[in-house]
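K.L.:
Please find query_27.cif (mmCIF, C-alpha atoms, pLDDT in the B column; chains and numbers go by the auth columns) on the next line:
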data_work
#
loop_
_atom_site.group_PDB
_atom_site.id
_atom_site.type_symbol
_atom_site.label_atom_id
_atom_site.label_comp_id
_atom_site.label_asym_id
_atom_site.label_seq_id
_atom_site.Cartn_x
_atom_site.Cartn_y
_atom_site.Cartn_z
_atom_site.B_iso_or_equiv
_atom_site.auth_seq_id
_atom_site.auth_asym_id
ATOM 1 C CA MET A 1 66.837 103.566 109.345 87.00 1 A
ATOM 2 C CA TYR A 2 69.383 105.304 107.062 96.00 2 A
ATOM 3 C CA PRO A 3 72.073 107.779 108.168 96.00 3 A
ATOM 4 C CA GLU A 4 71.138 111.435 107.648 96.00 4 A
ATOM 5 C CA ALA A 5 74.317 112.005 105.606 97.00 5 A
ATOM 6 C CA TYR A 6 73.310 109.227 103.235 98.00 6 A
ATOM 7 C CA LEU A 7 69.843 110.720 102.754 97.00 7 A
ATOM 8 C CA THR A 8 71.423 114.099 102.043 97.00 8 A
ATOM 9 C CA PHE A 9 73.836 112.457 99.591 97.00 9 A
ATOM 10 C CA LEU A 10 70.923 110.885 97.697 98.00 10 A
ATOM 11 C CA HIS A 11 69.045 114.176 97.758 97.00 11 A
ATOM 12 C CA GLU A 12 71.950 116.171 96.288 95.00 12 A
ATOM 13 C CA PHE A 13 72.785 113.392 93.815 97.00 13 A
ATOM 14 C CA HIS A 14 69.280 113.350 92.320 97.00 14 A
ATOM 15 C CA THR A 15 68.208 117.005 92.596 96.00 15 A
ATOM 16 C CA THR A 16 70.965 119.608 92.472 94.00 16 A
ATOM 17 C CA ARG A 17 73.449 117.136 90.905 94.00 17 A
ATOM 18 C CA ASP A 18 76.101 118.770 93.070 93.00 18 A
ATOM 19 C CA TYR A 19 78.459 115.801 93.033 95.00 19 A
ATOM 20 C CA PHE A 20 81.176 117.767 94.772 91.00 20 A
ATOM 21 C CA GLU A 21 78.791 118.339 97.691 92.00 21 A
ATOM 22 C CA CYS A 22 77.815 114.641 97.608 95.00 22 A
ATOM 23 C CA HIS A 23 81.489 113.812 98.066 93.00 23 A
ATOM 24 C CA GLU A 24 81.872 116.288 100.936 92.00 24 A
ATOM 25 C CA ILE A 25 78.772 115.020 102.757 95.00 25 A
ATOM 26 C CA LEU A 26 79.685 111.329 102.688 96.00 26 A
ATOM 27 C CA GLU A 27 83.386 111.890 103.283 95.00 27 A
ATOM 28 C CA GLU A 28 82.614 113.887 106.427 94.00 28 A
ATOM 29 C CA TYR A 29 80.278 111.132 107.610 96.00 29 A
ATOM 30 C CA TRP A 30 82.829 108.405 106.803 95.00 30 A
ATOM 31 C CA LYS A 31 85.560 110.254 108.715 94.00 31 A
ATOM 32 C CA GLU A 32 83.408 110.426 111.868 93.00 32 A
ATOM 33 C CA TYR A 33 84.440 106.836 112.532 94.00 33 A
ATOM 34 C CA PRO A 34 87.884 105.643 113.642 93.00 34 A
ATOM 35 C CA PRO A 35 89.873 104.267 110.678 92.00 35 A
ATOM 36 C CA GLU A 36 89.408 100.638 111.712 93.00 36 A
ATOM 37 C CA GLN A 37 85.591 101.100 111.738 94.00 37 A
ATOM 38 C CA ARG A 38 85.245 102.948 108.429 93.00 38 A
ATOM 39 C CA LYS A 39 83.180 101.182 105.793 95.00 39 A
ATOM 40 C CA GLU A 40 84.734 101.123 102.324 94.00 40 A
ATOM 41 C CA TYR A 41 81.346 101.058 100.574 96.00 41 A
ATOM 42 C CA TRP A 42 80.929 104.725 101.560 97.00 42 A
ATOM 43 C CA VAL A 43 84.167 105.375 99.663 97.00 43 A
ATOM 44 C CA GLY A 44 82.641 103.594 96.654 97.00 44 A
ATOM 45 C CA LEU A 45 79.695 106.010 96.680 98.00 45 A
ATOM 46 C CA ILE A 46 82.008 108.984 97.181 98.00 46 A
ATOM 47 C CA GLN A 47 84.105 107.864 94.221 98.00 47 A
ATOM 48 C CA LEU A 48 80.992 107.459 92.070 98.00 48 A
ATOM 49 C CA ALA A 49 79.991 111.063 92.772 97.00 49 A
ATOM 50 C CA VAL A 50 83.505 112.348 92.082 96.00 50 A
ATOM 51 C CA ALA A 51 83.732 110.287 88.871 97.00 51 A
ATOM 52 C CA LEU A 52 80.550 111.969 87.606 97.00 52 A
ATOM 53 C CA TYR A 53 81.881 115.359 88.714 94.00 53 A
ATOM 54 C CA HIS A 54 85.052 114.793 86.689 94.00 54 A
ATOM 55 C CA GLN A 55 83.207 113.405 83.671 96.00 55 A
ATOM 56 C CA ARG A 56 80.839 116.381 83.606 93.00 56 A
ATOM 57 C CA ARG A 57 83.742 118.845 83.629 91.00 57 A
ATOM 58 C CA GLY A 58 85.737 116.949 80.996 92.00 58 A
ATOM 59 C CA ASN A 59 88.420 115.385 83.206 93.00 59 A
ATOM 60 C CA ARG A 60 88.328 112.028 81.431 95.00 60 A
ATOM 61 C CA LYS A 61 91.368 110.540 83.160 96.00 61 A
ATOM 62 C CA GLY A 62 90.047 111.313 86.659 95.00 62 A
ATOM 63 C CA ALA A 63 86.555 110.088 85.781 97.00 63 A
ATOM 64 C CA LYS A 64 87.863 106.760 84.430 98.00 64 A
ATOM 65 C CA ARG A 65 90.091 106.120 87.434 97.00 65 A
ATOM 66 C CA LEU A 66 87.368 106.894 89.964 97.00 66 A
ATOM 67 C CA ILE A 67 84.570 104.961 88.266 98.00 67 A
ATOM 68 C CA SER A 68 86.880 101.911 88.118 98.00 68 A
ATOM 69 C CA ASN A 69 87.665 102.264 91.825 97.00 69 A
ATOM 70 C CA SER A 70 83.992 102.756 92.668 98.00 70 A
ATOM 71 C CA LEU A 71 82.958 99.714 90.668 98.00 71 A
ATOM 72 C CA HIS A 72 85.645 97.569 92.330 97.00 72 A
ATOM 73 C CA LEU A 73 84.678 98.650 95.858 96.00 73 A
ATOM 74 C CA LEU A 74 80.943 98.322 95.328 97.00 74 A
ATOM 75 C CA GLU A 75 81.211 94.950 93.572 97.00 75 A
ATOM 76 C CA SER A 76 83.215 93.796 96.598 95.00 76 A
ATOM 77 C CA ASN A 77 80.445 95.073 98.873 94.00 77 A
ATOM 78 C CA ARG A 78 77.488 94.018 96.738 95.00 78 A
ATOM 79 C CA SER A 79 75.409 92.763 99.659 94.00 79 A
ATOM 80 C CA VAL A 80 75.552 96.186 101.303 96.00 80 A
ATOM 81 C CA LEU A 81 73.890 97.802 98.281 97.00 81 A
ATOM 82 C CA SER A 82 70.601 96.082 99.173 96.00 82 A
ATOM 83 C CA ASN A 83 70.962 97.266 102.771 96.00 83 A
ATOM 84 C CA LEU A 84 71.305 100.812 101.405 97.00 84 A
ATOM 85 C CA GLY A 85 67.967 100.440 99.623 98.00 85 A
ATOM 86 C CA PHE A 86 69.316 99.791 96.132 98.00 86 A
ATOM 87 C CA ASP A 87 68.592 97.128 93.570 98.00 87 A
ATOM 88 C CA ASP A 88 72.128 95.714 93.744 97.00 88 A
ATOM 89 C CA GLU A 89 72.036 94.096 90.305 97.00 89 A
ATOM 90 C CA ALA A 90 70.765 97.272 88.619 98.00 90 A
ATOM 91 C CA PHE A 91 73.253 99.384 90.575 98.00 91 A
ATOM 92 C CA LEU A 92 76.255 97.345 89.426 98.00 92 A
ATOM 93 C CA LEU A 93 74.927 97.303 85.857 98.00 93 A
ATOM 94 C CA LEU A 94 74.687 101.104 86.026 98.00 94 A
ATOM 95 C CA LEU A 95 78.304 101.339 87.231 98.00 95 A
ATOM 96 C CA ARG A 96 79.515 99.020 84.472 98.00 96 A
ATOM 97 C CA THR A 97 77.607 101.072 81.893 98.00 97 A
ATOM 98 C CA LEU A 98 79.056 104.311 83.262 98.00 98 A
ATOM 99 C CA LYS A 99 82.555 102.816 83.170 98.00 99 A
ATOM 100 C CA LYS A 100 82.085 101.745 79.539 98.00 100 A
ATOM 101 C CA LYS A 101 80.810 105.209 78.574 97.00 101 A
ATOM 102 C CA MET A 102 83.691 106.899 80.384 97.00 102 A
ATOM 103 C CA ASP A 103 86.212 104.513 78.803 97.00 103 A
ATOM 104 C CA GLU A 104 84.767 105.492 75.422 97.00 104 A
ATOM 105 C CA ASP A 105 84.944 109.217 76.328 95.00 105 A
ATOM 106 C CA MET A 106 81.185 109.620 76.012 95.00 106 A
ATOM 107 C CA PRO A 107 79.743 112.909 77.295 94.00 107 A
ATOM 108 C CA TYR A 108 78.229 113.217 80.763 94.00 108 A
ATOM 109 C CA GLU A 109 74.570 112.321 81.273 95.00 109 A
ATOM 110 C CA SER A 110 72.657 112.574 84.546 96.00 110 A
ATOM 111 C CA VAL A 111 71.876 109.179 86.064 97.00 111 A
ATOM 112 C CA MET A 112 69.417 107.861 88.601 98.00 112 A
ATOM 113 C CA LEU A 113 70.626 105.432 91.218 98.00 113 A
ATOM 114 C CA PRO A 114 68.290 102.403 91.297 98.00 114 A
ATOM 115 C CA ILE A 115 66.563 102.880 94.651 98.00 115 A
ATOM 116 C CA LYS A 116 64.493 99.769 95.351 98.00 116 A
ATOM 117 C CA ASP A 117 63.292 100.655 98.864 98.00 117 A
ATOM 118 C CA GLN A 118 60.038 102.506 98.169 98.00 118 A
ATOM 119 C CA VAL A 119 60.078 104.164 101.602 97.00 119 A
ATOM 120 C CA LEU A 120 63.553 105.540 100.890 98.00 120 A
ATOM 121 C CA LEU A 121 62.491 106.687 97.425 98.00 121 A
ATOM 122 C CA SER A 122 59.432 108.453 98.852 97.00 122 A
ATOM 123 C CA LEU A 123 61.575 110.110 101.506 96.00 123 A
ATOM 124 C CA CYS A 124 64.010 111.376 98.851 97.00 124 A
ATOM 125 C CA LYS A 125 61.164 112.744 96.734 97.00 125 A
ATOM 126 C CA GLU A 126 59.670 114.406 99.816 97.00 126 A
ATOM 127 C CA MET A 127 62.993 116.080 100.632 96.00 127 A
ATOM 128 C CA ALA A 128 63.196 117.430 97.080 96.00 128 A
ATOM 129 C CA GLN A 129 59.636 118.724 97.181 97.00 129 A
ATOM 130 C CA LYS A 130 60.247 120.526 100.495 97.00 130 A
ATOM 131 C CA GLU A 131 63.117 122.410 98.847 95.00 131 A
ATOM 132 C CA GLY A 132 61.145 123.144 95.698 96.00 132 A
ATOM 133 C CA LEU A 133 63.347 120.831 93.640 95.00 133 A
ATOM 134 C CA THR A 134 62.524 118.015 91.276 95.00 134 A
ATOM 135 C CA PHE A 135 63.845 114.588 92.179 96.00 135 A
ATOM 136 C CA GLY A 136 65.562 113.256 89.082 95.00 136 A
ATOM 137 C CA GLN A 137 66.059 116.572 87.335 90.00 137 A
ATOM 138 C CA GLU A 138 68.868 116.795 84.799 89.00 138 A
ATOM 139 C CA SER A 139 72.155 118.455 85.655 84.00 139 A
ATOM 140 C CA ASN A 140 72.402 122.121 84.692 74.00 140 A
ATOM 141 C CA LEU A 141 75.408 122.003 82.363 69.00 141 A
ATOM 142 C CA SER A 142 75.573 125.794 82.101 65.00 142 A
ATOM 143 C CA HIS A 143 75.940 126.311 85.859 55.00 143 A
ATOM 144 C CA THR A 144 79.640 127.198 86.075 64.00 144 A
ATOM 145 C CA PHE A 145 79.887 127.055 89.870 59.00 145 A
ATOM 146 C CA LEU A 146 78.361 123.563 89.910 64.00 146 A
ATOM 147 C CA ILE A 147 80.747 122.339 87.203 71.00 147 A
ATOM 148 C CA GLU A 148 83.902 123.953 88.632 68.00 148 A
ATOM 149 C CA LYS A 149 83.067 123.967 92.337 57.00 149 A
ATOM 150 C CA HIS A 150 86.439 122.606 93.476 61.00 150 A
ATOM 151 C CA ARG A 151 88.140 125.681 91.978 59.00 151 A
ATOM 152 C CA LEU A 152 85.514 128.334 92.704 55.00 152 A
ATOM 153 C CA ARG A 153 84.397 127.531 96.259 57.00 153 A
ATOM 154 C CA ASP A 154 85.445 129.581 99.273 52.00 154 A
ATOM 155 C CA ARG A 155 88.412 127.737 100.755 51.00 155 A
ATOM 156 C CA THR A 156 89.115 130.133 103.642 58.00 156 A
ATOM 157 C CA ASP A 157 88.232 127.562 106.322 63.00 157 A
ATOM 158 C CA VAL A 158 90.261 124.829 104.601 52.00 158 A
ATOM 159 C CA LEU A 159 93.319 127.058 104.347 54.00 159 A
ATOM 160 C CA ARG A 160 92.965 128.178 107.989 67.00 160 A
ATOM 161 C CA GLU A 161 92.752 124.572 109.155 65.00 161 A
ATOM 162 C CA ARG A 162 95.763 123.600 107.042 66.00 162 A
ATOM 163 C CA GLU A 163 97.798 126.482 108.545 75.00 163 A
ATOM 164 C CA LYS A 164 96.709 125.460 112.052 72.00 164 A
ATOM 165 C CA GLN A 165 97.866 121.870 111.428 73.00 165 A
ATOM 166 C CA ILE A 166 101.240 123.082 110.121 75.00 166 A
ATOM 167 C CA LYS A 167 101.753 125.236 113.238 75.00 167 A
ATOM 168 C CA ARG A 168 100.747 122.340 115.483 73.00 168 A
ATOM 169 C CA LYS A 169 103.288 120.027 113.817 72.00 169 A
ATOM 170 C CA LYS A 170 106.038 122.651 114.058 77.00 170 A
ATOM 171 C CA SER A 171 105.338 123.167 117.750 77.00 171 A
ATOM 172 C CA ARG A 172 105.722 119.401 118.306 73.00 172 A
ATOM 173 C CA GLY A 173 108.905 119.323 116.251 70.00 173 A
ATOM 174 C CA ILE A 174 107.422 117.062 113.554 62.00 174 A
#
Kindly return the structure encoded in the file as C-alpha cells.
P.N.:
Amino acid sequence: MYPEAYLTFLHEFHTTRDYFECHEILEEYWKEYPPEQRKEYWVGLIQLAVALYHQRRGNRKGAKRLISNSLHLLESNRSVLSNLGFDDEAFLLLLRTLKKKMDEDMPYESVMLPIKDQVLLSLCKEMAQKEGLTFGQESNLSHTFLIEKHRLRDRTDVLREREKQIKRKKSRGI
C-alpha cells in the first residue's frame, strides 16, 4: 500500500534519527520518476528531514529555510498527508511548531510524525523491532557521525560519478 522507500524513511526517521539517510532514501525514490511525474510532497518530507538535520547540528539558517519550504509544500499538498497515513491536521501543527522553535533558535528535539494509520504504525514498529531498535527513541546527540554525516561519509562513489559526468560532457563538447 505504501512505497518501500517511504516505509524506510519512516523507519529511519523514528529509530536511528538519521535524517541525512531519510533525505537520501526519499530523494532517490523521487528521482526514479521523470520530472513531469515527480510529486512535490516527497520534497516536503525530504526538506523536513534535512531541516531537522541542520537544526540538530546547529545550522540555524539552513534549518529555518528548509522548514519553511517543507511547511509551504506540505500545506499545499495537505490532502496527500492523509493518503500517507498521517493525521494531516496534527502534521501541519507539528511543522508550524517546529518552524516557530527554529525561528526562535530553540535547540533540537526529536519529534514523532503523527501516523494515524494504525496498520502503518504497526508496520513501522515491527520494522524497528526486527532491527533491535526502539520506534520513537530519542536522537543520540553524542553520535558525531550521525550529526555530521554529510561531511564524514564516504563520498568515493559520488566523486567518481561526478568525474564520469564531466568526462561525458567534455566528449560531447558541452
K.L.:
Might you spell out which residues the PyMOL selection byres ((chain A and resi 127-137) around 12) would select in the displayed file, as number ranges by chain?
P.N.:
A: 4, 7-18, 109-115, 120-126, 138-141
K.L.:
At what distance in Å, to one decimal, does CA of Phe86 in chain A lie from CA of Tyr6 in chain A?
P.N.:
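Computing the Euclidean distance for CA of Tyr6 in chain A and CA of Phe86 in chain A yields 12.5 Å.
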K.L.:
Translate the PyMOL selection byres ((chain A and resi 60) around 12), as applied to the file shown, into an explicit residue set as an NGL selection string.
P.N.:
:A and (50-59 or 61-67 or 99 or 101-108)
K.L.:
Those residues with C-alpha atoms, as a CSV table (one decimal), in the coordinates of the input please?
P.N.:
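Once written, again.csv looks like this:
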chain,number,residue,atom,x,y,z
A,50,VAL,CA,83.5,112.3,92.1
A,51,ALA,CA,83.7,110.3,88.9
A,52,LEU,CA,80.6,112.0,87.6
A,53,TYR,CA,81.9,115.4,88.7
A,54,HIS,CA,85.1,114.8,86.7
A,55,GLN,CA,83.2,113.4,83.7
A,56,ARG,CA,80.8,116.4,83.6
A,57,ARG,CA,83.7,118.8,83.6
A,58,GLY,CA,85.7,116.9,81.0
A,59,ASN,CA,88.4,115.4,83.2
A,61,LYS,CA,91.4,110.5,83.2
A,62,GLY,CA,90.0,111.3,86.7
A,63,ALA,CA,86.6,110.1,85.8
A,64,LYS,CA,87.9,106.8,84.4
A,65,ARG,CA,90.1,106.1,87.4
A,66,LEU,CA,87.4,106.9,90.0
A,67,ILE,CA,84.6,105.0,88.3
A,99,LYS,CA,82.6,102.8,83.2
A,101,LYS,CA,80.8,105.2,78.6
A,102,MET,CA,83.7,106.9,80.4
A,103,ASP,CA,86.2,104.5,78.8
A,104,GLU,CA,84.8,105.5,75.4
A,105,ASP,CA,84.9,109.2,76.3
A,106,MET,CA,81.2,109.6,76.0
A,107,PRO,CA,79.7,112.9,77.3
A,108,TYR,CA,78.2,113.2,80.8
K.L.:
Hey, can you check how far CA of His72 in chain A sits from CA of Arg38 in chain A?
P.N.:
17.0 Å
K.L.:
Around all listed atoms of range 165-174 of chain A, padded 3 Å per side, what centre and edge lengths does the axis-aligned box have in Å to one decimal, as AutoDock Vina command-line options?
P.N.:
--center_x 103.4 --center_y 121.1 --center_z 114.2 --size_x 17.0 --size_y 14.2 --size_z 14.2
K.L.:
Taking the file above as input, evaluate the PyMOL selection byres ((chain A and resi 26) around 8) and report the hits as number ranges by chain.
P.N.:
A: 5-6, 9, 22-25, 27-30, 42, 46
K.L.:
What is the distance, in Å and to one decimal place, between CA of Val43 in chain A and CA of Glu75 in chain A?
P.N.:
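Between CA of Val43 in chain A and CA of Glu75 in chain A the gap is 12.4 Å.
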K.L.:
Compile the contact shell of Ser70 in chain A as a PyMOL selection string: residues with an atom at most 7 Å away, counting only C-alpha atoms, same-chain residues fewer than 4 positions apart removed.
P.N.:
chain A and resi 44-45+47-48+66+74
K.L.:
Here is a test: counting all atoms listed in the file, which residue of A:Lys100, A:Leu95, A:Leu84, A:Gly173 is nearest to Gln118 in chain A?
P.N.:
A:Leu84
K.L.:
Smallest atom-to-atom distance to Leu93 in chain A: which of A:Lys164, A:Lys169, A:Lys39, A:Arg78, using all atoms listed in the file?
P.N.:
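Distance minimum relative to Leu93 in chain A lands on A:Arg78.
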K.L.:
I'd like to know which of A:Leu92, A:Ala49, A:Leu98, A:Val119 is closest to Phe20 in chain A, using all atoms listed in the file.
P.N.:
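So, comparing all the options, the nearest one is A:Ala49.
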K.L.:
Restricting the calculation to all atoms listed in the file, which member of A:Asn83, A:Gln37, A:Ser76, A:Ser171 is positioned closest to Pro3 in chain A?
P.N.:
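Comparing A:Asn83, A:Gln37, A:Ser76, A:Ser171 against Pro3 in chain A, the winner is A:Asn83.
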